[in-house]
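Printed here is query.txt (compact mmCIF, C-alpha atoms):
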```txt
# COMPACT_ATOMS: atom_id res chain seq x y z
CA MET A 1 60.76 91.89 110.22
CA ASN A 2 60.72 91.91 114.00
CA ASP A 3 57.07 92.51 114.90
CA SER A 4 57.80 93.58 118.46
CA THR A 5 58.34 97.16 119.52
CA ASN A 6 61.95 96.25 120.21
CA ASP A 7 63.49 97.03 116.84
CA PHE A 8 67.28 97.19 116.69
CA TRP A 9 70.17 98.18 114.39
CA ILE A 10 67.91 100.49 112.40
CA ALA A 11 70.92 102.30 110.90
CA CYS A 12 72.03 99.18 108.98
CA GLY A 13 69.19 99.83 106.51
CA HIS A 14 67.38 96.50 106.91
CA HIS A 15 64.01 98.26 106.54
CA LEU A 16 65.02 99.33 103.01
CA LEU A 17 65.43 95.74 101.79
CA ASP A 18 63.00 93.16 100.43
CA ARG A 19 63.00 89.42 101.08
CA ASP A 20 62.67 86.45 98.78
CA GLU A 21 60.50 83.41 99.57
CA SER A 22 63.30 81.79 101.57
CA GLY A 23 63.91 84.86 103.72
CA GLY A 24 67.05 86.12 101.99
CA LEU A 25 67.60 89.87 101.66
CA CYS A 26 67.01 91.32 98.19
CA VAL A 27 68.63 94.60 97.21
CA THR A 28 66.35 97.55 96.42
CA ASP A 29 66.85 100.94 94.82
CA GLU A 30 66.23 102.54 98.22
CA PHE A 31 69.04 100.53 99.82
CA LEU A 32 71.48 101.47 97.06
CA LYS A 33 70.49 105.14 97.18
CA ALA A 34 71.30 105.16 100.88
CA TYR A 35 74.92 104.35 99.98
CA PHE A 36 75.12 107.05 97.32
CA ALA A 37 73.68 109.56 99.80
CA ARG A 38 76.44 108.89 102.34
CA PRO A 39 78.56 111.94 103.30
CA GLU A 40 81.70 110.29 101.90
CA LEU A 41 80.18 110.34 98.40
CA MET A 42 78.61 113.78 98.57
CA PRO A 43 80.56 115.91 96.05
CA PRO A 44 82.19 118.92 97.77
CA ASP A 45 81.77 122.43 96.44
CA ASP A 46 84.92 122.16 94.35
CA ALA A 47 84.11 118.74 92.86
CA CYS A 48 84.54 118.33 89.12
CA PRO A 49 81.50 118.28 86.79
CA VAL A 50 81.96 114.54 86.09
CA GLU A 51 81.66 113.62 89.77
CA ARG A 52 78.67 115.91 90.25
CA ARG A 53 76.86 114.42 87.25
CA LEU A 54 77.63 110.83 88.34
CA HIS A 55 76.32 111.47 91.84
CA ARG A 56 73.18 113.18 90.58
CA GLU A 57 72.37 110.41 88.08
CA LEU A 58 72.94 107.57 90.57
CA LEU A 59 70.61 109.15 93.10
CA VAL A 60 67.92 108.97 90.40
CA ASN A 61 68.86 105.54 89.02
CA PRO A 62 71.12 103.66 91.47
CA ARG A 63 71.44 100.72 89.04
CA LEU A 64 72.84 102.90 86.26
CA PRO A 65 75.76 101.17 84.48
CA VAL A 66 79.01 103.05 85.11
CA GLY A 67 82.07 102.35 82.99
CA ALA A 68 85.69 102.49 84.08
CA GLU A 69 86.17 105.50 81.82
CA ASP A 70 83.50 107.40 83.78
CA ILE A 71 85.37 106.82 87.03
CA ALA A 72 88.74 107.63 85.45
CA ALA A 73 87.38 111.00 84.37
CA ILE A 74 86.90 112.11 88.01
CA ILE A 75 89.71 114.55 88.76
CA ASP A 76 90.10 114.08 92.55
CA ALA A 77 92.05 110.89 93.36
CA ASP A 78 90.34 110.25 96.71
CA ALA A 79 86.89 110.69 95.18
CA ARG A 80 87.88 108.39 92.33
CA GLU A 81 88.87 105.67 94.80
CA ASN A 82 85.68 106.10 96.84
CA TRP A 83 83.55 105.69 93.72
CA GLN A 84 85.51 102.65 92.58
CA PHE A 85 84.86 100.91 95.89
CA VAL A 86 81.19 101.77 96.25
CA LEU A 87 80.38 100.85 92.65
CA ALA A 88 82.27 97.55 92.96
CA PHE A 89 80.17 96.84 96.07
CA ARG A 90 76.96 97.83 94.26
CA ASP A 91 77.80 95.62 91.29
CA LEU A 92 78.52 92.70 93.63
CA LEU A 93 75.07 93.07 95.21
CA LEU A 94 73.38 93.34 91.81
CA ARG A 95 75.08 90.18 90.52
CA HIS A 96 73.47 88.01 93.19
CA PRO A 97 69.84 87.25 94.11
CA THR A 98 70.34 88.04 97.81
CA LEU A 99 72.80 89.82 100.07
CA GLU A 100 73.50 86.46 101.67
CA ALA A 101 74.51 85.03 98.28
CA ALA A 102 76.71 88.07 97.63
CA TYR A 103 78.47 87.59 100.98
CA LEU A 104 79.07 83.91 100.31
CA ALA A 105 80.53 84.83 96.93
CA ILE A 106 82.99 87.12 98.71
CA VAL A 107 83.82 84.32 101.16
CA ARG A 108 84.47 81.82 98.39
CA LEU A 109 86.72 84.27 96.53
CA GLY A 110 88.81 85.05 99.60
CA MET A 111 87.09 88.25 100.77
CA SER A 112 87.98 90.09 97.50
CA ASP A 113 89.44 93.60 97.36
CA LEU A 114 86.52 95.30 99.09
CA PRO A 115 87.49 97.42 102.09
CA PRO A 116 86.60 95.77 105.43
CA LEU A 117 84.04 98.54 106.02
CA PHE A 118 81.81 97.23 103.22
CA VAL A 119 82.18 93.60 104.28
CA ASN A 120 81.36 94.47 107.90
CA GLN A 121 78.28 96.40 106.78
CA LEU A 122 77.14 93.36 104.82
CA VAL A 123 77.65 91.11 107.86
CA HIS A 124 75.74 93.66 109.96
CA VAL A 125 72.59 93.65 107.83
CA ILE A 126 72.69 89.86 107.24
CA LEU A 127 72.88 89.29 111.00
CA ARG A 128 69.99 91.71 111.44
CA ASN A 129 68.00 89.37 109.19
CA ALA A 130 69.19 86.17 110.89
CA LEU A 131 68.38 87.56 114.35
CA ASP A 132 65.11 89.25 113.40
CA ASP A 133 63.05 87.33 115.97
CA CYS A 134 65.67 87.58 118.73
CA ASP A 135 64.46 89.22 121.93
CA ASP A 136 67.63 88.69 124.00
CA PRO A 137 69.83 91.83 124.23
CA PHE A 138 72.81 89.70 125.32
CA VAL A 139 72.68 87.77 122.04
CA LEU A 140 72.37 90.98 120.01
CA ARG A 141 75.32 92.57 121.82
CA ALA A 142 77.31 89.37 121.25
CA ALA A 143 76.53 89.67 117.52
CA GLU A 144 78.30 93.04 117.42
CA LEU A 145 81.58 91.11 117.73
CA PHE A 146 80.98 89.83 114.18
CA PHE A 147 81.16 93.27 112.54
CA ARG A 148 82.57 95.75 115.09
CA PRO A 149 86.20 95.48 116.36
CA GLN A 150 86.33 95.31 120.14
CA ARG A 151 88.81 96.45 122.78
CA ILE A 152 89.49 94.57 126.00
CA LEU A 153 88.53 96.71 129.00
CA PRO A 154 90.42 95.74 132.17
CA HIS A 155 88.05 95.51 135.11
CA GLU A 156 88.98 93.47 138.18
CA GLN A 157 88.49 89.77 137.33
CA ALA A 158 85.91 90.30 134.57
CA LEU A 159 86.61 89.97 130.84
CA LEU A 160 84.85 93.00 129.37
CA LEU A 161 84.74 94.12 125.73
CA GLY A 162 84.00 97.64 124.52
CA ASP A 163 83.44 98.80 120.95
CA ASP A 164 86.84 99.94 119.70
CA GLU A 165 85.47 102.92 117.80
CA VAL A 166 83.46 104.09 120.81
CA VAL A 167 86.08 103.69 123.53
CA GLY A 168 88.98 104.43 121.16
CA GLY A 169 92.22 105.14 122.91
CA ARG A 170 90.47 106.36 126.02
CA ASN A 171 90.38 104.63 129.38
CA PRO A 172 86.64 104.62 129.99
CA THR A 173 85.16 104.31 133.42
CA LEU A 174 82.90 101.28 133.47
CA VAL A 175 79.59 102.31 134.97
CA LEU A 176 77.55 99.63 136.66
CA SER A 177 73.83 100.07 137.12
CA LEU A 178 74.05 101.20 140.75
CA MET A 179 76.61 103.88 139.92
CA SER A 180 74.43 105.07 137.07
CA MET A 181 71.45 105.43 139.38
CA LEU A 182 73.55 107.43 141.80
CA GLY A 183 74.46 109.82 138.99
CA ALA A 184 78.19 109.14 138.95
CA MET A 185 79.88 111.42 136.41
CA HIS A 186 83.02 110.51 134.51
CA ASP A 187 84.79 111.69 131.36
CA ALA A 188 84.02 108.52 129.42
CA GLU A 189 81.29 106.25 130.68
CA VAL A 190 80.52 102.83 129.28
CA ASP A 191 77.58 100.95 130.73
CA VAL A 192 78.24 97.26 131.27
CA MET A 193 75.45 95.07 129.95
CA SER A 194 73.93 93.23 132.92
CA GLU A 195 70.55 91.86 133.91
CA GLU A 196 69.73 95.35 135.22
CA THR A 197 70.91 97.34 132.18
CA ALA A 198 70.12 94.93 129.30
CA GLU A 199 66.69 96.38 128.49
CA GLY A 200 68.34 99.71 127.71
CA TYR A 201 69.97 98.08 124.67
CA TRP A 202 66.82 98.49 122.56
CA GLN A 203 67.01 102.28 122.72
CA ARG A 204 70.76 102.48 122.12
CA SER A 205 71.53 99.53 119.80
CA ASP A 206 72.86 101.82 117.05
CA ARG A 207 75.25 103.56 119.45
CA PHE A 208 77.36 100.46 120.22
CA ASP A 209 78.18 101.91 123.63
CA MET A 210 77.49 99.01 126.00
CA ALA A 211 80.36 96.90 127.31
CA PHE A 212 79.96 93.15 126.92
CA ASP A 213 80.95 90.69 129.65
CA LEU A 214 82.65 87.63 128.14
CA THR A 215 83.70 86.21 131.49
CA ALA A 216 83.48 82.42 131.62
CA ALA A 217 80.31 81.12 133.34
CA GLY A 218 78.49 84.38 132.57
CA ARG A 219 75.85 85.23 129.95
CA GLY A 220 78.44 86.26 127.36
CA PRO A 221 79.91 82.98 126.02
CA PRO A 222 76.51 81.26 125.54
CA ALA A 223 75.27 84.39 123.74
CA VAL A 224 78.22 84.28 121.35
CA ALA A 225 77.56 80.56 120.81
CA GLN A 226 73.93 81.29 119.92
CA VAL A 227 74.92 83.92 117.35
CA MET A 228 77.40 81.52 115.73
CA THR A 229 74.71 78.84 115.56
CA ARG A 230 72.30 81.24 113.85
CA TRP A 231 74.99 82.49 111.48
CA ILE A 232 75.84 78.99 110.27
CA SER A 233 72.21 77.98 109.95
CA HIS A 234 71.21 81.12 108.08
CA LEU A 235 74.03 81.09 105.56
CA LEU A 236 74.75 77.39 105.12
CA GLY A 237 71.48 75.73 106.10
CA ILE A 238 73.35 73.47 108.54
CA ASP A 239 72.21 72.86 112.10
CA VAL A 240 74.94 72.70 114.73
CA ALA A 241 75.15 72.78 118.52
CA ILE A 242 77.80 75.05 120.05
CA GLU A 243 78.71 75.09 123.74
CA PRO A 244 81.24 77.27 125.59
CA LEU A 245 84.20 75.54 127.27
CA ARG A 246 86.27 76.63 130.24
CA ALA A 247 89.48 75.14 128.84
CA LEU A 248 90.76 72.64 126.28
CA HIS A 249 91.72 70.05 128.87
CA ASP A 250 93.04 66.96 127.10
CA ALA A 251 90.96 67.73 124.03
CA HIS A 252 91.87 65.84 120.87
CA LEU A 253 92.13 68.72 118.41
CA THR A 254 90.93 66.82 115.35
CA TRP A 255 89.57 70.03 113.83
CA TYR A 256 89.57 73.63 114.99
CA VAL A 257 88.53 77.03 113.64
CA GLY A 258 90.24 80.24 114.66
CA LEU A 259 87.55 82.94 114.85
CA ASP A 260 90.16 85.64 114.24
CA ALA A 261 93.69 85.80 112.85
CA ASP A 262 95.37 85.52 116.25
CA ALA A 263 93.23 82.56 117.29
CA THR A 264 94.16 80.79 114.05
CA ARG A 265 97.85 81.23 114.80
CA LEU A 266 97.40 79.95 118.34
CA GLY A 267 95.37 76.99 117.07
CA ASP A 268 98.11 76.17 114.57
CA ARG A 269 100.61 76.00 117.40
CA LEU A 270 98.36 73.66 119.39
CA TRP A 271 97.76 71.55 116.29
CA HIS A 272 101.50 71.00 115.94
CA GLY A 273 101.75 69.85 119.54
CA GLU A 274 103.26 73.02 120.92
CA GLU A 275 102.38 73.95 124.46
CA LEU A 276 101.31 77.57 124.79
CA ASP A 277 103.24 79.75 127.20
CA GLU A 278 101.28 81.67 129.82
CA ARG A 279 101.29 84.90 127.80
CA SER A 280 99.97 83.22 124.65
CA ALA A 281 97.37 81.19 126.54
CA GLY A 282 96.22 84.39 128.22
CA ARG A 283 95.26 85.83 124.84
CA VAL A 284 92.56 83.19 124.40
CA LEU A 285 89.26 84.92 125.23
CA ALA A 286 86.82 82.04 124.74
CA LEU A 287 86.62 78.43 123.61
CA PHE A 288 83.68 76.55 122.12
CA ARG A 289 82.86 73.02 121.02
CA LEU A 290 80.73 72.53 117.90
CA THR A 291 78.94 69.35 116.91
CA PHE A 292 76.82 68.68 113.82
CA ALA A 293 73.16 67.78 114.24
CA ASP A 294 73.56 65.60 111.15
CA ALA A 295 76.99 63.98 111.24
CA SER A 296 76.75 63.02 107.57
CA GLN A 297 77.22 66.68 106.63
CA ALA A 298 80.78 66.60 107.95
CA MET A 299 83.79 65.34 106.03
CA ALA A 300 84.27 61.61 106.45
CA ASP A 301 87.66 61.79 108.18
CA VAL A 302 86.32 63.92 111.06
CA ARG A 303 82.78 62.57 111.23
CA GLY A 304 81.62 62.21 114.82
CA GLU A 305 84.45 64.38 116.15
CA PRO A 306 83.74 67.82 117.66
CA VAL A 307 85.08 71.01 116.13
CA TYR A 308 86.77 73.43 118.50
CA LEU A 309 86.33 77.17 118.02
CA ILE A 310 88.91 79.60 119.41
CA LEU A 311 88.46 83.33 120.03
CA ALA A 312 91.55 85.37 120.91
CA MET A 313 92.78 88.94 121.29
CA THR A 314 95.70 90.66 119.61
CA ASN A 315 98.86 91.71 121.40
CA ASP A 316 97.40 95.20 121.76
CA GLN A 317 94.27 93.77 123.43
CA LYS A 318 91.80 94.04 120.58
CA LEU A 319 89.41 91.53 119.09
CA ARG A 320 88.83 91.48 115.34
CA MET A 321 86.53 88.56 114.71
CA LYS A 322 86.37 87.04 111.21
CA PRO A 323 82.89 85.51 110.88
CA HIS A 324 83.69 84.12 107.43
CA ASN A 325 86.10 81.69 109.13
CA LEU A 326 83.04 79.93 110.53
CA LEU A 327 81.86 79.29 106.98
CA THR A 328 85.14 78.34 105.34
CA GLY A 329 86.76 76.60 108.30
CA LEU A 330 84.18 73.97 109.17
CA PRO A 331 84.78 70.43 107.87
CA ILE A 332 81.64 70.35 105.74
CA LYS A 333 81.23 68.87 102.30
CA HIS A 334 80.30 72.07 100.51
CA LEU A 335 79.32 75.71 100.88
CA GLU A 336 75.73 76.07 99.77
CA ILE A 337 73.39 78.93 100.48
CA VAL A 338 69.75 78.18 101.18
CA THR A 339 68.28 81.66 100.91
```

Have the structure of the file written as structure tokens, please.
Amino acid sequence: MNDSTNDFWIACGHHLLDRDESGGLCVTDEFLKAYFARPELMPPDDACPVERRLHRELLVNPRLPVGAEDIAAIIDADARENWQFVLAFRDLLLRHPTLEAAYLAIVRLGMSDLPPLFVNQLVHVILRNALDDCDDPFVLRAAELFFRPQRILPHEQALLLGDDEVVGGRNPTLVLSLMSMLGAMHDAEVDVMSEETAEGYWQRSDRFDMAFDLTAAGRGPPAVAQVMTRWISHLLGIDVAIEPLRALHDAHLTWYVGLDADATRLGDRLWHGEELDERSAGRVLALFRLTFADASQAMADVRGEPVYLILAMTNDQKLRMKPHNLLTGLPIKHLEIVT
């Protein structure tokens, strides 16, 4: 793991996992027990004896086989559903040699029926592994886009993103470093990550309470590009170069990947030769150009052509990135994990 004193994302449970010779994450009893110890699975005082016994036995042996009839015997419907989901997730992890392999299996099968919460948690811990040696807080904050929905925070001419769960429906006051030093007090403060505040990320990385500046020409877009590069390399073993763009001026859109559902729809419109109206174009948050280090890894009909990556916000000004699109959308010959 990261040998520096700057550990991060401790709550994702990365310290509970082992690694194989290639660096992939291997599930452990301790990691599984952490799921069964979550408050959502803690039987309440009025829980039925079946649920209590199941919970008690899994805390002792988290790999214990559990049949459908055991789950069906749980009286409370909500508890029954919770156990179905968490055991399906556990069984997925146990079927594969690494968490990375389990995630790729989900990707190949179309993201399965697992709730987004479980998939995001898997992305979280895999990124913690891929970025283990990263010492740049901007890159780590950019990585949060992969597993935490974001909300656009209007602020003058800057494009700022705040964690949707943290800022919620509130209108937070964005606190810059100078205001913080002066002790400005507001109902909902969100520090903007800047050169002055970035070092504070190490102490608060599990709080997800720093706003991220994605303004063109700033630190944000290159940081996102670096995370995407690491993500592709870690999961697919393919080296790519990704650079931020200001605009798609006269670009020949041979191949594109929408990094979220809205970006995919906008890309489809561009692909069919439609010109985006001002409102639609304004929903594009960032553009990137990807090239393969080894052109032979790309499909023959697009070999030598760049791939354009589009990041966009929803109509209600949120960003829900889909990192699996980077794996399934690239024009590569095959999906093959290397860990």

query = So which one's closest to Ser233 in chain A, A:Glu100, A:Glu21, A:Asp316, A:Asp76? Using all atoms listed in the file, please.
reply = A:Glu100

ask   = Out of A:Thr28, A:Thr229, A:Asn61, A:Asn82, which residue has the shortest atom-to-atom distance to Met42 in chain A when counting only C-alpha atoms?
value =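 Of A:Thr28, A:Thr229, A:Asn61, A:Asn82, the one nearest Met42 in chain A is A:Asn82, counting only C-alpha atoms.
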
task = Figure out the distance between CA of Ala34 in chain A and CA of Leu122 in chain A, please, to one decimal in Å.
result =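 Computed distance, CA of Leu122 in chain A to CA of Ala34 in chain A, equals 13.7 Å.
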
Exercise: Leu214 in chain A partners within 8 Å, all atoms listed in the file, chain neighbours under 5 positions left out, as a PyMOL selection string = chain A and resi 158-161+219-221+285-286

For the residues in the current selection, export C-alpha atoms as a PDB file, keeping the file's coordinate frame.
```
ATOM      1  CA  ALA A 158      85.910  90.300 134.570  1.00  0.00           C
ATOM      2  CA  LEU A 159      86.610  89.970 130.840  1.00  0.00           C
ATOM      3  CA  LEU A 160      84.850  93.000 129.370  1.00  0.00           C
ATOM      4  CA  LEU A 161      84.740  94.120 125.730  1.00  0.00           C
ATOM      5  CA  ARG A 219      75.850  85.230 129.950  1.00  0.00           C
ATOM      6  CA  GLY A 220      78.440  86.260 127.360  1.00  0.00           C
ATOM      7  CA  PRO A 221      79.910  82.980 126.020  1.00  0.00           C
ATOM      8  CA  LEU A 285      89.260  84.920 125.230  1.00  0.00           C
ATOM      9  CA  ALA A 286      86.820  82.040 124.740  1.00  0.00           C
TER      10      ALA A 286
END
```

message = Nearest residue to Trp202 in chain A out of A:Arg38, A:Lys318, A:Arg148, A:Arg141, using only C-alpha atoms?
response =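 Selected residue with least distance to Trp202 in chain A: A:Arg141.
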
task = Just the residues within 12 Å of Gly168 in chain A, please, counting only C-alpha atoms, with nothing from its chain fewer than 5 positions along; format it as a VMD selection string.
result = chain A and resid 149 to 153 162 to 163 188 190 209 318

inquiry  = Taking all atoms listed in the file into account, name the residue in A:Arg283, A:Arg108, A:Arg303, A:Arg207 that is nearest to Gly329 in chain A.
reply    =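 Answer, going by the shortest atom-to-atom distance: A:Arg108.
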